[in-house]
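So the structure is just underneath, and the comments pick up after that.
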Amino acid sequence: MTAPAKPAKAERLNKVFPVDLDKYLPELLKRNYGRWVDRRFHGYGIIEHVSETGERVFTVKVALPPNARLSADTAEKFADIADRHGIGAIRITMAGNIEFLADSLEAAQRIREEVEGMGFPVGGWGPTLWGINSCTAFLTCTTAVVDSPSITKALGDQLYEYFTGEKTLPAKLRIYVSGCPAMCAGGTGIDIAIVGQWGAPPKIREEILSLCLPPPKALARIPESQVFLVQVCPTGALTLRREGDKIRLLLVPEKCINCARCKENCDAFDYDPENVGVAILVGGKYSNTGVGRRLARVLVPWVPAVPPHYREITAIVRRIIDVWREHAREGERLADMIDRIGWGTFVDLVGVPVSSMHYDRLFAGTRWKDEAYPSLRDALR
Amino acid sequence: MTAPAKPAKAERLNKVFPVDLDKYLPELLKRNYGRWVDRRFHGYGIIEHVSETGERVFTVKVALPPNARLSADTAEKFADIADRHGIGAIRITMAGNIEFLADSLEAAQRIREEVEGMGFPVGGWGPTLWGINSCTAFLTCTTAVVDSPSITKALGDQLYEYFTGEKTLPAKLRIYVSGCPAMCAGGTGIDIAIVGQWGAPPKIREEILSLCLPPPKALARIPESQVFLVQVCPTGALTLRREGDKIRLLLVPEKCINCARCKENCDAFDYDPENVGVAILVGGKYSNTGVGRRLARVLVPWVPAVPPHYREITAIVRRIIDVWREHAREGERLADMIDRIGWGTFVDLVGVPVSSMHYDRLFAGTRWKDEAYPSLRDALR
Amino acid sequence: MAAPPDLPPPEELLRRADEMLKHFEGGRWPSHVSELRRTGYPLHVYGVGLVARKSPWGPSTAPVQFVNTGVLARVAREWVPGRGEEVHFRVFHTPGKFLPTSFLKKLAELSKKLGVGLLEVVGQTGALVINLRKEHAEQLVDELRAIGTDVGGSGDAIRALNACVGPALCEFALFDTLAWYAEFHRDKRVNDAIATPGFPYKFKIKLSGCPMDCARANRADFGLIGIWEGAPEVDQEALRRKVEAGEVDPRRLEERCPSRAITWDEKSGTLIINGERCRKSMNCIRSAFPAIRPGRKKKVAVLVGGGVKGRFGPKLGWFLTMLDPDKPRDAVGLAFKVIEPWDREGVPKDRLGDYILKVGFTEFLRRLGMEASGRHVANPTYIPYKVLQKEERDKFLKLSEELGR
Amino acid sequence: MAAPPDLPPPEELLRRADEMLKHFEGGRWPSHVSELRRTGYPLHVYGVGLVARKSPWGPSTAPVQFVNTGVLARVAREWVPGRGEEVHFRVFHTPGKFLPTSFLKKLAELSKKLGVGLLEVVGQTGALVINLRKEHAEQLVDELRAIGTDVGGSGDAIRALNACVGPALCEFALFDTLAWYAEFHRDKRVNDAIATPGFPYKFKIKLSGCPMDCARANRADFGLIGIWEGAPEVDQEALRRKVEAGEVDPRRLEERCPSRAITWDEKSGTLIINGERCRKSMNCIRSAFPAIRPGRKKKVAVLVGGGVKGRFGPKLGWFLTMLDPDKPRDAVGLAFKVIEPWDREGVPKDRLGDYILKVGFTEFLRRLGMEASGRHVANPTYIPYKVLQKEERDKFLKLSEELGR
Ligand code: SRM
Ligand code: SRM
Ligand code: SRM
Ligand code: SRM
Ligand code: SF4
Ligand code: SF4
Ligand code: SF4
Ligand code: SF4
Ligand code: SF4
Ligand code: SF4
Ligand code: SF4
Ligand code: SF4
């Protein structure tokens, strides 16, 4: 391969964006763009959209493996199915499911059969599990502390019927599983969020620290507090000490909140798998339905993440779902139910047996201790 | 008057506490102490308590003038009524109403007639206004910025029927009116709290400041930050500056949160009546009913307090009550209703027309600006 | 406080003050002004304050020998025509605030003889306030002591205690609030801390017989609230009668129970209450009393750190522990145990609650040598990362293991 | 990251890794491991990570000429037997993420030819991820550009934009999310900020056609959400039919409206919606569509400062202003207006929301030269004292006067 001339490469700074709708939208959708007037659900996986022109399109929603991973082989098979039964296109949902597009219910059913035959379930609309979003974690990520794709697989195996609708839920359920506090699976604004944790303050590997610091000469000219790594820590847990010629980065464990910002910016931060676990949060949502958008709250600040079964995690998630199924009103998302019955009652129903939990500080690094200020009501038995 | 001998006076340090139940409790109550098994309400002002012995006692609840003020003359008349119709005792409720005690419903009714004849309404149980607690303010207090007794009178005149039960409410209503942020009427854990405000940072009267500082020699030895007045300010708005021999107390208005702690501790802090007003808070309660105890939230951070009508205040209070009456379920306290329908909806129903309100910082002096971080939902019309 | 701007000349000021006062004698609600007219209280001062929209009173002193708390003295500001002065005592109320007519008459008499014939029958903390004449202060102390009460409770001291009427008149009382109230007063340390200020700030003790909290123990530095463990007690037979009579709707009991602890079994006509879940809202009890009443396993809950402001603003007390309803002395001991670290380390004008916020609740417990009790979940965090100690983590590990079985 | 303690010897490690991997090929849910087996991805590395309970990957580099964002390179840690490497591109997705089969096939082909035959069909931000072979990186860029897309969007840059499917497939879209998405990409400033990192931290833009927020604009640095003003539109005739058919229970619409904006008039069979009150929960609409549909006065709401963590932890975006649905260029302009003060003053690794928290929302508005809009009452204070500016006070004065009339 001979390298093209340089100016041509510089052209790479002018990005090629695939934004020409005309090129990517199937004809059927182009004709009815913005003209959809009604939709009908056929089971839990197929939606029929009706246009004011009278035309219809059927979408078939299919779950993918964790982290929306697809081999080129499978992609080609999907393309083939879409060509044979569909309208020559698929779409990827923003949450990593696939939608096949068809122009009749029969065609949609055929698609369903074929993908189910390949081992991919159809479902995920209405009062079901819409899917589990997983970040990439051990598949490609350097900062991961737990492996979200395999946790997702463990959860998916257990919650399968909730996706297909064989068993239904009070309302939509989505789960985000992130391998570390960066929360790439989408943060905490969702029904159930699972977030990997170090569990203990990081360890600093002195040997490679210099890679994350400015070159010695430049460093000598920067005030300690202005050094990037020091600035990155939100709580002041990291300070730089110059000892003669040497530089030491000190970590005050009492100040550390385990946010992982240091590690995100420097590979010298390490941890011990011994302490690693996940936090489980509940009751978030982005949608404005019911009580409106909200961040989830920490129900369980830590449980271990033990592959391959991840029993500790799946047990708690199942429990949360059971409590929700038992106590929710029809159509009530987890966030709305918790809001109605109260956090204390919810925690109680789940059976979290702790004598002390966090105090809501909203943002890390404020003056008050991040700890429990007990209320009488919550103490009552 | 000749002063008694000193040792006798020193005895005053051993207090005489009126704690001998035997001495103060009417016989009827002594006999049935701790043996009450049932109670019946007769209208909104009379409760019949039934003992397991079969005996009964009837209490008649009577409103007093603002700040629970009673002249010796009226007190004697009350004693007389209690002797004639009652069981020879009255009691003062903790919230400053009077309860007459009688041994039959007829006697209770007679008491009711007599006190009503004197201009004191009977009522205040069940779904009514239980009373308005007022601090002393301009009657005797040096730090008052608005006069709570007269505000209470203005409110009482307008809400009279809610006390007597001529008009009922969804549930209990109590109002606390405090003349300044010390909130002596009982704080903010109540349905409606009205709290006097300076509205602007205090002015310092240099002439009398020295009265609040340690004597010059002692002062010279104390670090600035340890001086009492400097310590009292929760936000660091007050600093002491030594200029040669002179001492100056500086106030940074941007840091001042109007908490009045400086004034509570030193008469040199003054304000301009021009800016003075009250904050109106809603939805507090101490009782564990419904959603449980909670502090009220600021609905209106400031309106002027203009005697004698205090129209600005009474208009808002009436409005709050109207909204509550219209939207509450039976038996639902204001706090419970707000919790159910949501703060945004409630604010909207009242019609507070502001584009910016406070951000909840819970405690003064944290790092974040005490200001509005708008949510989309609340912005929607 | 300086004279407000644009104050009219004295005569005009007094005239307007009078007008203002008259206004407050109209209307249906009992009038404090009319009541004050029956007394020797210097009403013109109050009227001038209303016109000026500033408190007319400035600080003054009224030293009374060996009385270090409970005496408050004011003098009218220099801009109040005719000036005037005002002194009042905070006097200890009787238990349950019962006033036999004989005692009430004595108070009225004293108030006329040595004061201006005016009372505040209950201060918002719980004291009985008597407005007196400065020159009679010494005598009033002696006469009050003679009839069985006394003056005290202001400044950085223990303040007038407050207890709800409890067993004297209320069916719901879960402990003997008035006996406990007496017990506190019998303790020498309480006496001394009431008599002489010495703490960083005031300290208030309030006692409520049940979770309705009529005594507002939630806003006390040290609050005591009667409670029970488990479910309310149901007399199923009596309840069925109430249901049949249409007095009680069992579906509504179910629905209105804020902790969803209630199930009504239609078939058997039985109300089942899950005691583990019940949060003691009293809702079922007050709706169906006496067929439903508080449970029998009684306790007294202790709340610490409440207050309306202090350094850090409004706070409701935090749950500390449970006490035995038959052991009031434990409560007295605990109060002083709680006071100790605050008294030793607290910055002047930090309430107990402010102190706790500064050191943190966990550290506060450590200083008391106490264990955390109860579930502390009122304010869950939104932040999913945190350093947790091993013991803490182990609790959750146990939970997941139990659920996994 | 250092080798975890007690790691078994290489062979045993690989054996256990394999066991682990096999486990994840069982079960009903689609397996990523089975899928990965169909590719050239170095599965043993992943398996070793699972056994070690540590990510097996360390940072590496894969410089690609004039490509400053979107390329991520990893190398297996030294304790992974056999080592291995992994490089992937973040590739711009098509609008609405529609993939004509021809395009999908081309992607699959490229992925096999130049990569390991593996895709992440959508990253959680919205990118399409292709795992490639390092040596083909340059060529893959060119080939992607040839089929009409490109690599980019990582680091302290504008990230892959994300827009919900909107008018292409959804009845609820209140503005043309896909047209706006295209409009952003056509702007030179957007191109440059995607191509080359330079901000204090990443910057994400997300577009949702309606308040359901399928694109999760609430967690974007700059979020756009379609909205309308006033009440939803009711086709009373159609609604009555639905009611009669038993498809819709109007009482339930009333009851479930979270802002209590709905009244059902039984007699006339009319549903009245108070538009002033409606908070756009979409509840009535999705329950009775198409008899009830969004109103016609459409707007696009702008949220700023969302993000999952940054310096100060989780935040949902705050409402800034409303835009005209026909003017996407206004949104592009506003995005850069919002970026400007943050870019100038922000500390490295502070997200926009962190910056806003530091300066305060009011000050942020001032720096933008914008007025506050909307009602900001989400988090009312419990503290009853505050210094307020005169203008602020006057608003409340006006309120009380209006109510007093
Ligand atoms: C396809 C997708 C958008 C896309 O551009 O890819 C989508 C599309 C629709 N969403 Fe969504 N939602 C999609 C992710 C989301 C998300 C994001 C997420 O889950 O992370 C949210 C907000 C997050 C949250 O849960 O708070 C979201 C909140 C909703 C809601 C509100 C649900 C609720 O009860 O709060 C509805 C309404 C409903 O379900 O009745 C909704 C309804 C819809 C419907 C079914 C509208 C309708 O009833 O006709 C849209 C169907 C269009 C279609 O046929 O494709 N969509 N929807 C996304 C599918 C994800 C998936 O694979 O499962
Ligand atoms: C007399 C008084 C206690 C005292 O020792 O003085 C009192 C006594 C009773 N309260 Fe109370 N409450 C008294 C102040 C309070 C307070 C304090 C306050 O208002 O500042 C509260 C808590 C504050 C709050 O509102 O959160 C309080 C919250 C309750 C409640 C709960 C109401 C609710 O809906 O949340 C009840 C139950 C009820 O009304 O059904 C209650 C019920 C009762 C009853 C009527 C119990 C009953 O149903 O038999 C008690 C009657 C005893 C009697 O005959 O005297 N009491 N009650 C107080 C009368 C004040 C007054 O003059 O109006
Ligand atoms: C008399 C009384 C109001 C009334 O007329 O009922 C009162 C009057 C004063 N209070 Fe109070 N407080 C009274 C009950 C309260 C209560 C209610 C309670 O105890 O439940 C509170 C709120 C509860 C609490 O303590 O948190 C209260 C919180 C304050 C505060 C704020 C304390 C804080 O933590 O910030 C101050 C300011 C101070 O301490 O400097 C204060 C200060 C004052 C001063 C001493 C201010 C002054 O120096 O002028 C007032 C004296 C006025 C006077 O001329 O008597 N008063 N004060 C109440 C006491 C009578 C009694 O003992 O029964
Ligand atoms: C690939 C992807 C996960 C996935 O497999 O789907 C991902 C992967 C990484 N994210 Fe992310 N994030 C991905 C979506 C997200 C999202 C979701 C979103 O955008 O809605 C978030 C939360 C939303 C947000 O930005 O607030 C997210 C919040 C983070 C953060 C925390 C940012 C913060 O404000 O604190 C980091 C940490 C950092 O920036 O250093 C981070 C950092 C990382 C790094 C670069 C960490 C690292 O250097 O190893 C991960 C690279 C792994 C890899 O090998 O590719 N990633 N990351 C997603 C990007 C694909 C795409 O562009 O579509
Ligand atoms: S959440 Fe953590 S583990 Fe997952 S991709 Fe993001 S940075 Fe990696
Ligand atoms: S950046 Fe976060 S994890 Fe790292 S030391 Fe600071 S607080 Fe701890
Ligand atoms: S609240 Fe203020 S005005 Fe009222 S008595 Fe207390 S200190 Fe005085
Ligand atoms: S003590 Fe309070 S009112 Fe006084 S200056 Fe400080 S903040 Fe302002
Ligand atoms: S607190 Fe309970 S026991 Fe005490 S008076 Fe009130 S209702 Fe009765
Ligand atoms: S006391 Fe309250 S919480 Fe307990 S069972 Fe009765 S209603 Fe429910
Ligand atoms: S956000 Fe609204 S318009 Fe967009 S896909 Fe979701 S439901 Fe449809
Ligand atoms: S959209 Fe939601 S808030 Fe608006 S009227 Fe319908 S149900 Fe009520």
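Each chain of the structure tokens is named A, B, ... in the order shown, its residues numbered from 1; ligands are numbered from 1 in display order.
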### Task
Excluding Gly131 (chain B) and any residue of its chain fewer than 3 positions from it, enumerate the residues within 9 Å of it, using only C-alpha atoms, and give them as a count of residues only.
13
Between chain C and chain A, at 7 Å or less, what are the per-residue closest atom pairs and their distances in Å? Count only C-alpha atoms, order by chain and rising residue number, and return it as CSV.
residue,atom,partner,partner_atom,distance
C:Glu229,CA,A:Arg381,CA,5.8
C:Gly230,CA,A:Arg381,CA,5.8
C:Ser259,CA,A:Thr345,CA,5.8
C:Gly275,CA,A:Arg381,CA,6.6
C:Glu276,CA,A:Arg381,CA,4.9
C:Arg277,CA,A:Arg381,CA,6.3
C:Cys278,CA,A:Arg381,CA,6.5
C:Arg279,CA,A:Leu380,CA,5.8
C:Trp318,CA,A:Ser375,CA,5.3
C:Phe319,CA,A:Leu376,CA,4.8
C:Leu357,CA,A:Trp368,CA,6.9
C:Gly360,CA,A:Lys369,CA,5.7
C:Phe361,CA,A:Tyr373,CA,6.3
C:Ala372,CA,A:Ser355,CA,6.7
C:Ser373,CA,A:Ser355,CA,6.2
C:Gly374,CA,A:Ala379,CA,4.0
C:Arg375,CA,A:Ser355,CA,4.5
C:His376,CA,A:Pro374,CA,4.4
C:Val377,CA,A:Met357,CA,5.6
C:Ala378,CA,A:Ser375,CA,6.1
C:Asn379,CA,A:Asp360,CA,5.0
C:Pro380,CA,A:Asp360,CA,5.3
C:Thr381,CA,A:Asp360,CA,4.2
C:Tyr382,CA,A:Arg297,CA,4.6
C:Pro384,CA,A:Ala279,CA,6.0
C:Tyr385,CA,A:Asn258,CA,5.6
C:Lys386,CA,A:Ile257,CA,4.8
C:Val387,CA,A:Ala200,CA,5.2
C:Leu388,CA,A:Gly199,CA,6.2
C:Arg393,CA,A:Trp302,CA,6.1
C:Lys395,CA,A:Val354,CA,6.7
C:Phe396,CA,A:Val303,CA,6.0
C:Leu397,CA,A:Val303,CA,5.5
C:Leu399,CA,A:Val352,CA,6.8
C:Ser400,CA,A:Glu312,CA,4.8
C:Glu401,CA,A:Glu312,CA,6.1
C:Leu403,CA,A:Ala315,CA,5.5
C:Gly404,CA,A:Ala315,CA,4.7
### Query
Which distance in Å separates CA of Gly96 (chain D) and CA of Leu169 (chain D), to one decimal?
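Straight-line distance from CA of Gly96 (chain D) to CA of Leu169 (chain D) works out to 9.1 Å.
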### Task
Please identify every residue of chain C that has at least one atom no more than 7 Å from any atom of chain D, counting only C-alpha atoms, and report them as an MDAnalysis selection string.
chainID C and resid 313:314 383
For Leu251 (chain B): contacts at 9 Å, only C-alpha atoms, fewer than 5 positions along chain excluded, given as a PDB file with N, CA and C atoms, in the first residue's frame:
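Dumped everything to result29.pdb:
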ATOM      1  N   PRO B 201     -28.912  43.280  53.585  1.00  0.00           N
ATOM      2  CA  PRO B 201     -27.904  43.066  54.628  1.00  0.00           C
ATOM      3  C   PRO B 201     -27.990  44.142  55.711  1.00  0.00           C
ATOM      4  N   PRO B 202     -27.642  43.812  56.931  1.00  0.00           N
ATOM      5  CA  PRO B 202     -27.775  44.767  58.029  1.00  0.00           C
ATOM      6  C   PRO B 202     -26.818  45.955  57.858  1.00  0.00           C
ATOM      7  N   LYS B 203     -27.183  47.020  58.518  1.00  0.00           N
ATOM      8  CA  LYS B 203     -26.264  48.161  58.613  1.00  0.00           C
ATOM      9  C   LYS B 203     -25.604  48.107  59.982  1.00  0.00           C
ATOM     10  N   ILE B 204     -24.376  48.497  60.039  1.00  0.00           N
ATOM     11  CA  ILE B 204     -23.687  48.479  61.327  1.00  0.00           C
ATOM     12  C   ILE B 204     -23.625  49.895  61.898  1.00  0.00           C
ATOM     13  N   GLY B 236     -19.207  33.939  57.023  1.00  0.00           N
ATOM     14  CA  GLY B 236     -17.984  34.722  56.890  1.00  0.00           C
ATOM     15  C   GLY B 236     -18.234  36.105  56.308  1.00  0.00           C
ATOM     16  N   ALA B 237     -19.472  36.582  56.387  1.00  0.00           N
ATOM     17  CA  ALA B 237     -19.755  37.917  55.852  1.00  0.00           C
ATOM     18  C   ALA B 237     -19.159  39.011  56.737  1.00  0.00           C
ATOM     19  N   LEU B 238     -18.900  38.688  57.984  1.00  0.00           N
ATOM     20  CA  LEU B 238     -18.347  39.671  58.912  1.00  0.00           C
ATOM     21  C   LEU B 238     -16.864  39.404  59.142  1.00  0.00           C
ATOM     22  N   THR B 239     -16.067  40.445  58.960  1.00  0.00           N
ATOM     23  CA  THR B 239     -14.645  40.312  59.297  1.00  0.00           C
ATOM     24  C   THR B 239     -14.221  41.530  60.093  1.00  0.00           C
ATOM     25  N   LEU B 240     -13.202  41.310  60.900  1.00  0.00           N
ATOM     26  CA  LEU B 240     -12.741  42.387  61.756  1.00  0.00           C
ATOM     27  C   LEU B 240     -11.437  42.901  61.184  1.00  0.00           C
ATOM     28  N   CYS B 256     -23.742  37.888  52.801  1.00  0.00           N
ATOM     29  CA  CYS B 256     -24.755  37.892  53.857  1.00  0.00           C
ATOM     30  C   CYS B 256     -26.000  37.137  53.408  1.00  0.00           C
TER      31      CYS B 256
END
### Which residue of C:Phe184, C:Arg329, C:Ser31, C:Glu392 approaches Pro121 (chain B) most closely, using only C-alpha atoms
C:Ser31
#### Entry: Pick from B:Lys153, B:Arg325, B:Arg333, B:Arg293 nearest to chain A, counting only C-alpha atoms
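Residue with the minimum atom-to-atom distance to chain A: B:Arg293.
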### Message
Show me which residues line ligand 11, defined as having an atom within 6 Å of a ligand atom where only C-alpha atoms and all ligand atoms count, and present them as JSON, numbers by chain.
### Response
{"D": [164, 165, 166, 170, 172, 173, 208, 209, 210, 212, 213, 214]}
Can you write out the residues you just picked, keeping C-alpha atoms, as a PDB file, in the first residue's frame?
ATOM      1  CA  CYS D 164     -33.977   9.996  17.991  1.00  0.00           C
ATOM      2  CA  VAL D 165     -35.610   8.519  14.942  1.00  0.00           C
ATOM      3  CA  GLY D 166     -38.109  11.366  14.967  1.00  0.00           C
ATOM      4  CA  CYS D 170     -42.400   8.300  15.109  1.00  0.00           C
ATOM      5  CA  PHE D 172     -44.784  12.109  18.319  1.00  0.00           C
ATOM      6  CA  ALA D 173     -41.888  14.064  16.851  1.00  0.00           C
ATOM      7  CA  SER D 208     -35.161  14.117  21.174  1.00  0.00           C
ATOM      8  CA  GLY D 209     -38.285  14.783  19.198  1.00  0.00           C
ATOM      9  CA  CYS D 210     -40.594  14.900  22.199  1.00  0.00           C
ATOM     10  CA  MET D 212     -40.247  11.128  26.120  1.00  0.00           C
ATOM     11  CA  ASP D 213     -36.595  11.876  25.468  1.00  0.00           C
ATOM     12  CA  CYS D 214     -35.669   8.659  23.705  1.00  0.00           C
TER      13      CYS D 214
END
Please report, as a Markdown table, each residue of chain B lying at most 12 Å from ligand 3, together with the nearest pair of atoms and the separation in Å rounded to one decimal; use only C-alpha atoms and all ligand atoms, and order rows by chain and ascending residue number.
| residue | atom | partner | partner_atom_place_in_ligand_line | distance |
| --- | --- | --- | --- | --- |
| B:Pro66 | CA | ligand 3 | 5 (O) | 9.6 |
| B:Asn67 | CA | ligand 3 | 5 (O) | 5.9 |
| B:Ala68 | CA | ligand 3 | 6 (O) | 7.9 |
| B:Arg69 | CA | ligand 3 | 5 (O) | 9.0 |
| B:Met94 | CA | ligand 3 | 63 (O) | 9.4 |
| B:Ala95 | CA | ligand 3 | 6 (O) | 9.5 |
| B:Gly96 | CA | ligand 3 | 6 (O) | 9.0 |
| B:Ile132 | CA | ligand 3 | 6 (O) | 11.8 |
| B:Asn133 | CA | ligand 3 | 6 (O) | 8.2 |
| B:Ser134 | CA | ligand 3 | 6 (O) | 6.8 |
| B:Cys135 | CA | ligand 3 | 4 (C) | 4.1 |
| B:Thr136 | CA | ligand 3 | 5 (O) | 3.8 |
| B:Ala137 | CA | ligand 3 | 52 (C) | 6.7 |
| B:Phe138 | CA | ligand 3 | 54 (O) | 8.4 |
| B:Leu139 | CA | ligand 3 | 54 (O) | 7.3 |
| B:Thr140 | CA | ligand 3 | 54 (O) | 4.1 |
| B:Cys141 | CA | ligand 3 | 54 (O) | 3.7 |
| B:Thr142 | CA | ligand 3 | 49 (O) | 4.4 |
| B:Thr143 | CA | ligand 3 | 49 (O) | 5.1 |
| B:Ala144 | CA | ligand 3 | 49 (O) | 7.3 |
| B:Val145 | CA | ligand 3 | 49 (O) | 10.9 |
| B:Asp147 | CA | ligand 3 | 5 (O) | 11.5 |
| B:Ser148 | CA | ligand 3 | 5 (O) | 9.8 |
| B:Pro149 | CA | ligand 3 | 5 (O) | 9.3 |
| B:Tyr176 | CA | ligand 3 | 17 (C) | 10.2 |
| B:Val177 | CA | ligand 3 | 3 (C) | 10.5 |
| B:Ser178 | CA | ligand 3 | 3 (C) | 8.6 |
| B:Gly179 | CA | ligand 3 | 3 (C) | 9.5 |
| B:Cys180 | CA | ligand 3 | 36 (C) | 9.0 |
| B:Pro181 | CA | ligand 3 | 31 (C) | 7.4 |
| B:Ala182 | CA | ligand 3 | 31 (C) | 3.9 |
| B:Met183 | CA | ligand 3 | 28 (C) | 5.4 |
| B:Cys184 | CA | ligand 3 | 57 (N) | 3.4 |
| B:Ala185 | CA | ligand 3 | 17 (C) | 5.6 |
| B:Gly186 | CA | ligand 3 | 17 (C) | 4.4 |
| B:Gly187 | CA | ligand 3 | 22 (C) | 5.4 |
| B:Thr188 | CA | ligand 3 | 22 (C) | 9.1 |
| B:Gly189 | CA | ligand 3 | 23 (C) | 10.3 |
| B:Val195 | CA | ligand 3 | 28 (C) | 11.8 |
| B:Val232 | CA | ligand 3 | 40 (O) | 10.2 |
| B:Cys233 | CA | ligand 3 | 35 (O) | 11.4 |
| B:Pro234 | CA | ligand 3 | 35 (O) | 11.1 |
| B:Cys259 | CA | ligand 3 | 35 (O) | 8.7 |
| B:Ala260 | CA | ligand 3 | 37 (C) | 8.4 |
| B:Arg261 | CA | ligand 3 | 40 (O) | 6.8 |
| B:Cys262 | CA | ligand 3 | 40 (O) | 8.7 |
| B:Lys263 | CA | ligand 3 | 40 (O) | 8.2 |
| B:Glu264 | CA | ligand 3 | 40 (O) | 4.5 |
| B:Asn265 | CA | ligand 3 | 40 (O) | 6.0 |
| B:Cys266 | CA | ligand 3 | 48 (O) | 9.2 |
| B:Asp267 | CA | ligand 3 | 48 (O) | 9.4 |
| B:Tyr286 | CA | ligand 3 | 20 (O) | 11.5 |
### Query
Hey, which of D:Val45, D:Val302, D:Leu320, D:Ala195 ends up closest to Asp18 (chain D)? Count only C-alpha atoms.
D:Val45
### Task
Write out as a PyMOL selection string each polymer residue whose atoms come within 9 Å of Leu101 (chain A), counting only C-alpha atoms; drop sequence neighbours fewer than 2 positions from it.
chain A and resi 57-60+82+85-91+99+103+108
### Query
Of the candidates A:Ala305, A:Asn288, A:Asp20, A:Leu213, which shows the shortest atom-to-atom distance to chain B, using only C-alpha atoms?
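Nearest candidate to chain B out of A:Ala305, A:Asn288, A:Asp20, A:Leu213: A:Asn288.
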### Selection: 10 Å around Val80 (chain D), only C-alpha atoms, excl. self and same-chain fewer than 3 positions, as a list of chain:residue names
D:Ala3, D:Pro10, D:Leu13, D:Leu14, D:His44, D:Val45, D:Tyr46, D:Gly47, D:Val48, D:Gly49, D:Ala52, D:Pro56, D:Trp57, D:Val75, D:Ala76, D:Arg77, D:Arg83, D:Gly84
### Summary
note - CA of Val51 (chain D) and CA of Ala17 (chain D) are separated by 5.9 Å
### Message
Just want the 12 Å neighbourhood of Asp265 (chain D), counted on only C-alpha atoms, with same-chain residues fewer than 6 positions away dropped. Output as an NGL selection string.
### Response
:D and (236 or 240 or 250-251 or 254 or 271-273)
For those residues, write N, CA and C atoms to a file as an mmCIF file, in the first residue's frame.
data_model
loop_
_atom_site.group_PDB
_atom_site.id
_atom_site.type_symbol
_atom_site.label_atom_id
_atom_site.label_comp_id
_atom_site.auth_asym_id
_atom_site.auth_seq_id
_atom_site.Cartn_x
_atom_site.Cartn_y
_atom_site.Cartn_z
ATOM 1 N N GLN D 236 -62.289 15.556 20.135
ATOM 2 C CA GLN D 236 -63.294 15.091 21.091
ATOM 3 C C GLN D 236 -64.121 13.954 20.512
ATOM 4 N N ARG D 240 -64.375 10.330 22.184
ATOM 5 C CA ARG D 240 -65.639 9.724 22.628
ATOM 6 C C ARG D 240 -65.770 8.312 22.075
ATOM 7 N N PRO D 250 -61.688 7.803 30.626
ATOM 8 C CA PRO D 250 -61.383 9.235 30.808
ATOM 9 C C PRO D 250 -61.100 9.606 32.267
ATOM 10 N N ARG D 251 -61.718 8.897 33.200
ATOM 11 C CA ARG D 251 -61.463 9.137 34.622
ATOM 12 C C ARG D 251 -60.001 8.859 34.941
ATOM 13 N N GLU D 254 -57.770 11.599 33.739
ATOM 14 C CA GLU D 254 -57.857 12.666 34.727
ATOM 15 C C GLU D 254 -56.915 12.376 35.895
ATOM 16 N N LEU D 271 -63.375 16.311 27.104
ATOM 17 C CA LEU D 271 -62.182 16.321 27.937
ATOM 18 C C LEU D 271 -61.585 17.715 27.873
ATOM 19 N N ILE D 272 -61.482 18.360 29.030
ATOM 20 C CA ILE D 272 -60.945 19.725 29.044
ATOM 21 C C ILE D 272 -59.541 19.684 29.619
ATOM 22 N N ILE D 273 -58.610 20.252 28.909
ATOM 23 C CA ILE D 273 -57.220 20.262 29.398
ATOM 24 C C ILE D 273 -56.756 21.696 29.604
#
